[in-house]
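Below you'll find the structure, written out as structure tokens, and then a few comments.
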Amino acid sequence: MRLPLVAVAALAGLAGASGAQAADLLRGPVTTPATMFQEPAFKRFFLHAGPAGLFYSEGAKMHAAGFPIPGADVRVPNAYTFAIEAGYHFTPNFAIGLAAGYPPLNKVEARGSLTGLGTLGKVDGGPMALTAQYHFTGLGRFQPYIGAGPALMVIFKDHDHAVTGLKTDHALGFTGQVGFNYMLDDNWGFFVDVKKVYLRAKTQGYMGPVPIKATVTLDPMVVHTGVTYRF
């Protein structure tokens, strides 16, 4: 039995369409330059959360009973903590961010002419920063930014060692910031953020019966990475 020519043509068309659909399913979604560089939807609020490392560029000028201690210096080993930055976008390009973390325990070790005294003291504290940020747009999911603003070293507790009666003051300074977000969708992504913080902390105590005062340069580089959430 012969099929009419119209039926044969219809069957051929259906077969061709089914084959094309099967090929599309095998290939999966097609990524084009337009989708690769598509900007995520604009969200005003953002959160950064993840581990942070504090890498100090330390030094000190120390006085005993009002007289300089020649060659006295200190070392502050690197510290690690968990940090959060919360921010608000006024526009897609301009934002502010406030960053802070769980205060790490910072050890202050004797160096230079004081080498041999070991640990001078320990300080619970860390920097927080408020930065004005410029976010670069037009690069799709990759979104770099720069920022700058004031920083504050907040001291929660001092711990005596070779220096007793240790008291360290809060320190006000300045920070510069560079980083980037890579957004996986409109809300979620990941980030890398680097801040250079310039801080001078004043501390005092006693070494035996002798009063000690010092100005300690900290200048940590804070490297922060983790998850970005926008809403």
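A note on labels: chains of the structure tokens are A, B, ... as shown, every chain counts residues from 1, and ligands are counted from 1 in their shown order.
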Residue contacts of range 219-226 of chain A (10 Å, only C-alpha atoms) excluding same-chain residues fewer than 2 positions away, as a ChimeraX atom specification: /A:48-59,76,78-85,99,126-127,173-177,179-181,189-201,216-217,228
Name all residues at most 12 Å from Pro209 in chain A (count only C-alpha atoms; drop same-chain ones fewer than 2 positions away) and give them as a count of residues only. 11
If you run DSSP on the backbone, which residues of chain A are alpha helix (DSSP H), as a ChimeraX atom specification? /A:5-27,33-36
Two-atom distance - CA of Leu184 in chain A, CA of Asn93 in chain A (Å):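 Going from CA of Leu184 in chain A over to CA of Asn93 in chain A covers 19.1 Å.
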Do you know which residues are at most 12 Å from Phe67 in chain A counting only C-alpha atoms, after dropping those on the same chain fewer than 5 positions away, and could you put them as a tab-separated table (two decimals) with N, CA, C and O atoms, in the first residue's frame?
chain	number	residue	atom	x	y	z
A	61	LYS	N	59.24	51.40	68.42
A	61	LYS	CA	60.14	52.31	69.10
A	61	LYS	C	59.79	52.25	70.58
A	61	LYS	O	58.64	52.53	70.96
A	62	MET	N	60.77	51.87	71.41
A	62	MET	CA	60.48	51.60	72.82
A	62	MET	C	61.31	52.49	73.73
A	62	MET	O	62.46	52.82	73.41
A	72	ALA	N	65.87	48.10	70.20
A	72	ALA	CA	64.69	47.32	70.61
A	72	ALA	C	63.71	47.20	69.45
A	72	ALA	O	63.47	48.16	68.73
A	210	VAL	N	60.53	48.81	86.02
A	210	VAL	CA	60.78	49.91	85.09
A	210	VAL	C	59.58	50.12	84.18
A	210	VAL	O	59.13	49.17	83.50
A	211	PRO	N	59.03	51.33	84.11
A	211	PRO	CA	57.92	51.59	83.18
A	211	PRO	C	58.40	51.57	81.73
A	211	PRO	O	59.44	52.12	81.40
A	212	ILE	N	57.62	50.92	80.90
A	212	ILE	CA	57.94	50.75	79.47
A	212	ILE	C	56.82	51.39	78.65
A	212	ILE	O	55.63	51.20	78.94
A	213	LYS	N	57.20	52.15	77.63
A	213	LYS	CA	56.23	52.66	76.65
A	213	LYS	C	56.74	52.34	75.25
A	213	LYS	O	57.96	52.34	75.03
A	214	ALA	N	55.82	52.08	74.33
A	214	ALA	CA	56.22	51.75	72.97
A	214	ALA	C	55.17	52.22	71.98
A	214	ALA	O	53.97	52.26	72.27
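Distances to Val74 in chain A were evaluated for A:Gly149, A:Gly112, A:Pro144, A:Pro104 using only C-alpha atoms, and the minimum falls at A:Gly112.
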Shell of 7 Å around Gln143 in chain A, only C-alpha atoms, local chain residues under 2 positions omitted, as an MDAnalysis selection string: chainID A and resid 135:137 139 141 145 180:182
Using only N, CA, C and O atoms, please write the residues we just selected to a file, as a PDB file, in the first residue's frame.
ATOM      1  N   HIS A 135      33.182  50.032  41.985  1.00  0.00           N
ATOM      2  CA  HIS A 135      33.036  48.725  41.350  1.00  0.00           C
ATOM      3  C   HIS A 135      33.002  48.900  39.830  1.00  0.00           C
ATOM      4  O   HIS A 135      32.197  49.675  39.311  1.00  0.00           O
ATOM      5  N   PHE A 136      33.876  48.166  39.150  1.00  0.00           N
ATOM      6  CA  PHE A 136      33.939  48.243  37.692  1.00  0.00           C
ATOM      7  C   PHE A 136      32.844  47.368  37.095  1.00  0.00           C
ATOM      8  O   PHE A 136      32.645  46.217  37.513  1.00  0.00           O
ATOM      9  N   THR A 137      32.133  47.908  36.113  1.00  0.00           N
ATOM     10  CA  THR A 137      31.055  47.175  35.447  1.00  0.00           C
ATOM     11  C   THR A 137      31.437  46.934  33.980  1.00  0.00           C
ATOM     12  O   THR A 137      32.437  47.438  33.493  1.00  0.00           O
ATOM     13  N   LEU A 139      32.040  43.907  32.714  1.00  0.00           N
ATOM     14  CA  LEU A 139      32.886  42.715  32.577  1.00  0.00           C
ATOM     15  C   LEU A 139      32.108  41.443  32.895  1.00  0.00           C
ATOM     16  O   LEU A 139      32.705  40.407  33.177  1.00  0.00           O
ATOM     17  N   ARG A 141      30.236  38.596  34.743  1.00  0.00           N
ATOM     18  CA  ARG A 141      30.201  38.015  36.083  1.00  0.00           C
ATOM     19  C   ARG A 141      31.436  38.375  36.904  1.00  0.00           C
ATOM     20  O   ARG A 141      31.409  38.303  38.136  1.00  0.00           O
ATOM     21  N   TYR A 145      36.914  45.634  42.029  1.00  0.00           N
ATOM     22  CA  TYR A 145      36.634  46.899  42.706  1.00  0.00           C
ATOM     23  C   TYR A 145      37.880  47.375  43.453  1.00  0.00           C
ATOM     24  O   TYR A 145      38.808  46.611  43.712  1.00  0.00           O
ATOM     25  N   PHE A 180      37.800  41.452  44.009  1.00  0.00           N
ATOM     26  CA  PHE A 180      36.848  41.152  42.938  1.00  0.00           C
ATOM     27  C   PHE A 180      35.792  40.187  43.452  1.00  0.00           C
ATOM     28  O   PHE A 180      36.018  39.404  44.386  1.00  0.00           O
ATOM     29  N   ASN A 181      34.620  40.281  42.853  1.00  0.00           N
ATOM     30  CA  ASN A 181      33.559  39.286  42.990  1.00  0.00           C
ATOM     31  C   ASN A 181      33.456  38.523  41.675  1.00  0.00           C
ATOM     32  O   ASN A 181      33.605  39.118  40.598  1.00  0.00           O
ATOM     33  N   TYR A 182      33.168  37.229  41.763  1.00  0.00           N
ATOM     34  CA  TYR A 182      32.759  36.478  40.574  1.00  0.00           C
ATOM     35  C   TYR A 182      31.396  35.893  40.897  1.00  0.00           C
ATOM     36  O   TYR A 182      31.263  35.032  41.774  1.00  0.00           O
TER      37      TYR A 182
END
Which residue is closest to Leu130 in chain A? Choose from A:Leu117, A:Ala110, A:Leu218, A:Leu152 and count only C-alpha atoms.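 Of A:Leu117, A:Ala110, A:Leu218, A:Leu152, the one nearest Leu130 in chain A is A:Leu152, counting only C-alpha atoms.
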Could you go through range 139-193 of chain A and tell me which residues DSSP, when run on the backbone, assigns to strand (DSSP E), listing them as a ChimeraX atom specification? /A:142-160,164-168,171-183,188-193
Those residues with N, CA and C atoms, as a short mmCIF file (atom, residue, chain, number, x, y, z; two decimals), in the first residue's frame please?
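The result, written out as part-v2.cif:
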data_model
loop_
_atom_site.label_atom_id
_atom_site.label_comp_id
_atom_site.auth_asym_id
_atom_site.auth_seq_id
_atom_site.Cartn_x
_atom_site.Cartn_y
_atom_site.Cartn_z
N PHE A 142 32.52 38.72 36.25
CA PHE A 142 33.75 39.15 36.93
C PHE A 142 33.64 40.63 37.24
N GLN A 143 33.68 41.00 38.52
CA GLN A 143 33.41 42.38 38.93
C GLN A 143 34.48 42.86 39.91
N PRO A 144 35.57 43.44 39.42
CA PRO A 144 36.62 43.96 40.31
C PRO A 144 36.22 45.28 40.94
N TYR A 145 36.91 45.63 42.03
CA TYR A 145 36.63 46.90 42.71
C TYR A 145 37.88 47.38 43.45
N ILE A 146 37.89 48.66 43.78
CA ILE A 146 38.92 49.25 44.61
C ILE A 146 38.23 50.08 45.69
N GLY A 147 38.96 50.37 46.79
CA GLY A 147 38.35 51.14 47.85
C GLY A 147 39.40 51.74 48.77
N ALA A 148 38.96 52.64 49.62
CA ALA A 148 39.84 53.28 50.60
C ALA A 148 38.99 53.89 51.70
N GLY A 149 39.59 54.04 52.90
CA GLY A 149 38.85 54.64 53.99
C GLY A 149 39.55 54.46 55.32
N PRO A 150 38.91 54.88 56.40
CA PRO A 150 39.52 54.79 57.73
C PRO A 150 39.49 53.36 58.26
N ALA A 151 40.47 53.07 59.12
CA ALA A 151 40.55 51.77 59.79
C ALA A 151 40.74 52.00 61.28
N LEU A 152 40.25 51.07 62.08
CA LEU A 152 40.37 51.16 63.54
C LEU A 152 40.82 49.81 64.07
N MET A 153 41.94 49.82 64.81
CA MET A 153 42.40 48.62 65.51
C MET A 153 41.71 48.61 66.87
N VAL A 154 40.80 47.66 67.07
CA VAL A 154 40.02 47.58 68.31
C VAL A 154 40.69 46.56 69.24
N ILE A 155 41.03 46.98 70.45
CA ILE A 155 41.69 46.12 71.43
C ILE A 155 40.67 45.70 72.47
N PHE A 156 40.53 44.39 72.68
CA PHE A 156 39.57 43.87 73.64
C PHE A 156 40.22 43.46 74.96
N LYS A 157 41.44 42.92 74.89
CA LYS A 157 42.08 42.48 76.13
C LYS A 157 43.58 42.33 75.92
N ASP A 158 44.37 42.70 76.94
CA ASP A 158 45.82 42.50 76.95
C ASP A 158 46.17 41.36 77.90
N HIS A 159 47.24 40.63 77.54
CA HIS A 159 47.70 39.52 78.36
C HIS A 159 49.17 39.73 78.69
N ASP A 160 49.50 39.76 79.98
CA ASP A 160 50.88 40.00 80.42
C ASP A 160 51.78 38.80 80.16
N THR A 164 54.49 43.39 82.26
CA THR A 164 53.32 43.28 83.12
C THR A 164 52.54 44.60 83.11
N GLY A 165 51.28 44.50 83.54
CA GLY A 165 50.43 45.69 83.50
C GLY A 165 50.26 46.21 82.09
N LEU A 166 50.26 45.31 81.12
CA LEU A 166 50.22 45.71 79.71
C LEU A 166 48.89 46.37 79.37
N LYS A 167 48.97 47.51 78.71
CA LYS A 167 47.76 48.21 78.26
C LYS A 167 48.02 48.78 76.87
N THR A 168 47.24 48.34 75.91
CA THR A 168 47.38 48.79 74.52
C THR A 168 46.16 49.62 74.14
N ALA A 171 43.76 51.96 68.01
CA ALA A 171 44.58 52.73 67.05
C ALA A 171 43.75 53.05 65.81
N LEU A 172 43.79 54.31 65.40
CA LEU A 172 43.09 54.76 64.20
C LEU A 172 44.08 54.87 63.05
N GLY A 173 43.70 54.37 61.87
CA GLY A 173 44.60 54.40 60.73
C GLY A 173 43.85 54.52 59.42
N PHE A 174 44.44 54.02 58.36
CA PHE A 174 43.91 54.16 57.00
C PHE A 174 44.09 52.84 56.27
N THR A 175 43.18 52.54 55.36
CA THR A 175 43.31 51.31 54.57
C THR A 175 43.02 51.57 53.09
N GLY A 176 43.74 50.86 52.23
CA GLY A 176 43.45 50.77 50.81
C GLY A 176 42.99 49.35 50.50
N GLN A 177 42.17 49.20 49.48
CA GLN A 177 41.50 47.92 49.23
C GLN A 177 41.43 47.63 47.74
N VAL A 178 41.69 46.38 47.37
CA VAL A 178 41.44 45.90 46.01
C VAL A 178 40.80 44.51 46.13
N GLY A 179 39.96 44.15 45.17
CA GLY A 179 39.34 42.83 45.21
C GLY A 179 38.46 42.60 44.01
N PHE A 180 37.80 41.45 44.01
CA PHE A 180 36.85 41.15 42.94
C PHE A 180 35.79 40.19 43.45
N ASN A 181 34.62 40.28 42.85
CA ASN A 181 33.56 39.29 42.99
C ASN A 181 33.46 38.52 41.67
N TYR A 182 33.17 37.23 41.76
CA TYR A 182 32.76 36.48 40.57
C TYR A 182 31.40 35.89 40.90
N MET A 183 30.36 36.40 40.20
CA MET A 183 28.99 36.02 40.51
C MET A 183 28.58 34.78 39.73
N TRP A 188 24.45 34.81 44.34
CA TRP A 188 25.57 34.10 44.95
C TRP A 188 26.83 34.18 44.09
N GLY A 189 27.96 34.23 44.76
CA GLY A 189 29.25 34.22 44.08
C GLY A 189 30.36 34.00 45.07
N PHE A 190 31.57 34.27 44.67
CA PHE A 190 32.71 34.22 45.59
C PHE A 190 33.57 35.45 45.36
N PHE A 191 34.47 35.73 46.32
CA PHE A 191 35.26 36.96 46.27
C PHE A 191 36.66 36.71 46.80
N VAL A 192 37.57 37.61 46.40
CA VAL A 192 38.90 37.73 46.99
C VAL A 192 39.12 39.21 47.26
N ASP A 193 39.54 39.54 48.48
CA ASP A 193 39.67 40.93 48.89
C ASP A 193 41.00 41.10 49.64
#
Go through A:Ala129, A:Leu120, A:Val108, A:Leu47 and flag the residue nearest Arg230 in chain A, using only C-alpha atoms for the distances.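 The closest residue to Arg230 in chain A is A:Leu47.
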Would you mind reading off the distance between CA of Asn106 in chain A and CA of Phe46 in chain A, one decimal, in Å?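 It comes out at 29.3 Å.
Minimum atom-to-atom distances from A:Gly140, A:Ala100, A:Met128, A:His161 to Pro40 in chain A were compared using only C-alpha atoms, and the lowest value belongs to A:Gly140.
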Quote the spacing between CA of Ala60 in chain A and CA of Asp124 in chain A in Å to one decimal place.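 Rounded to one decimal, the two atoms are 18.4 Å apart.
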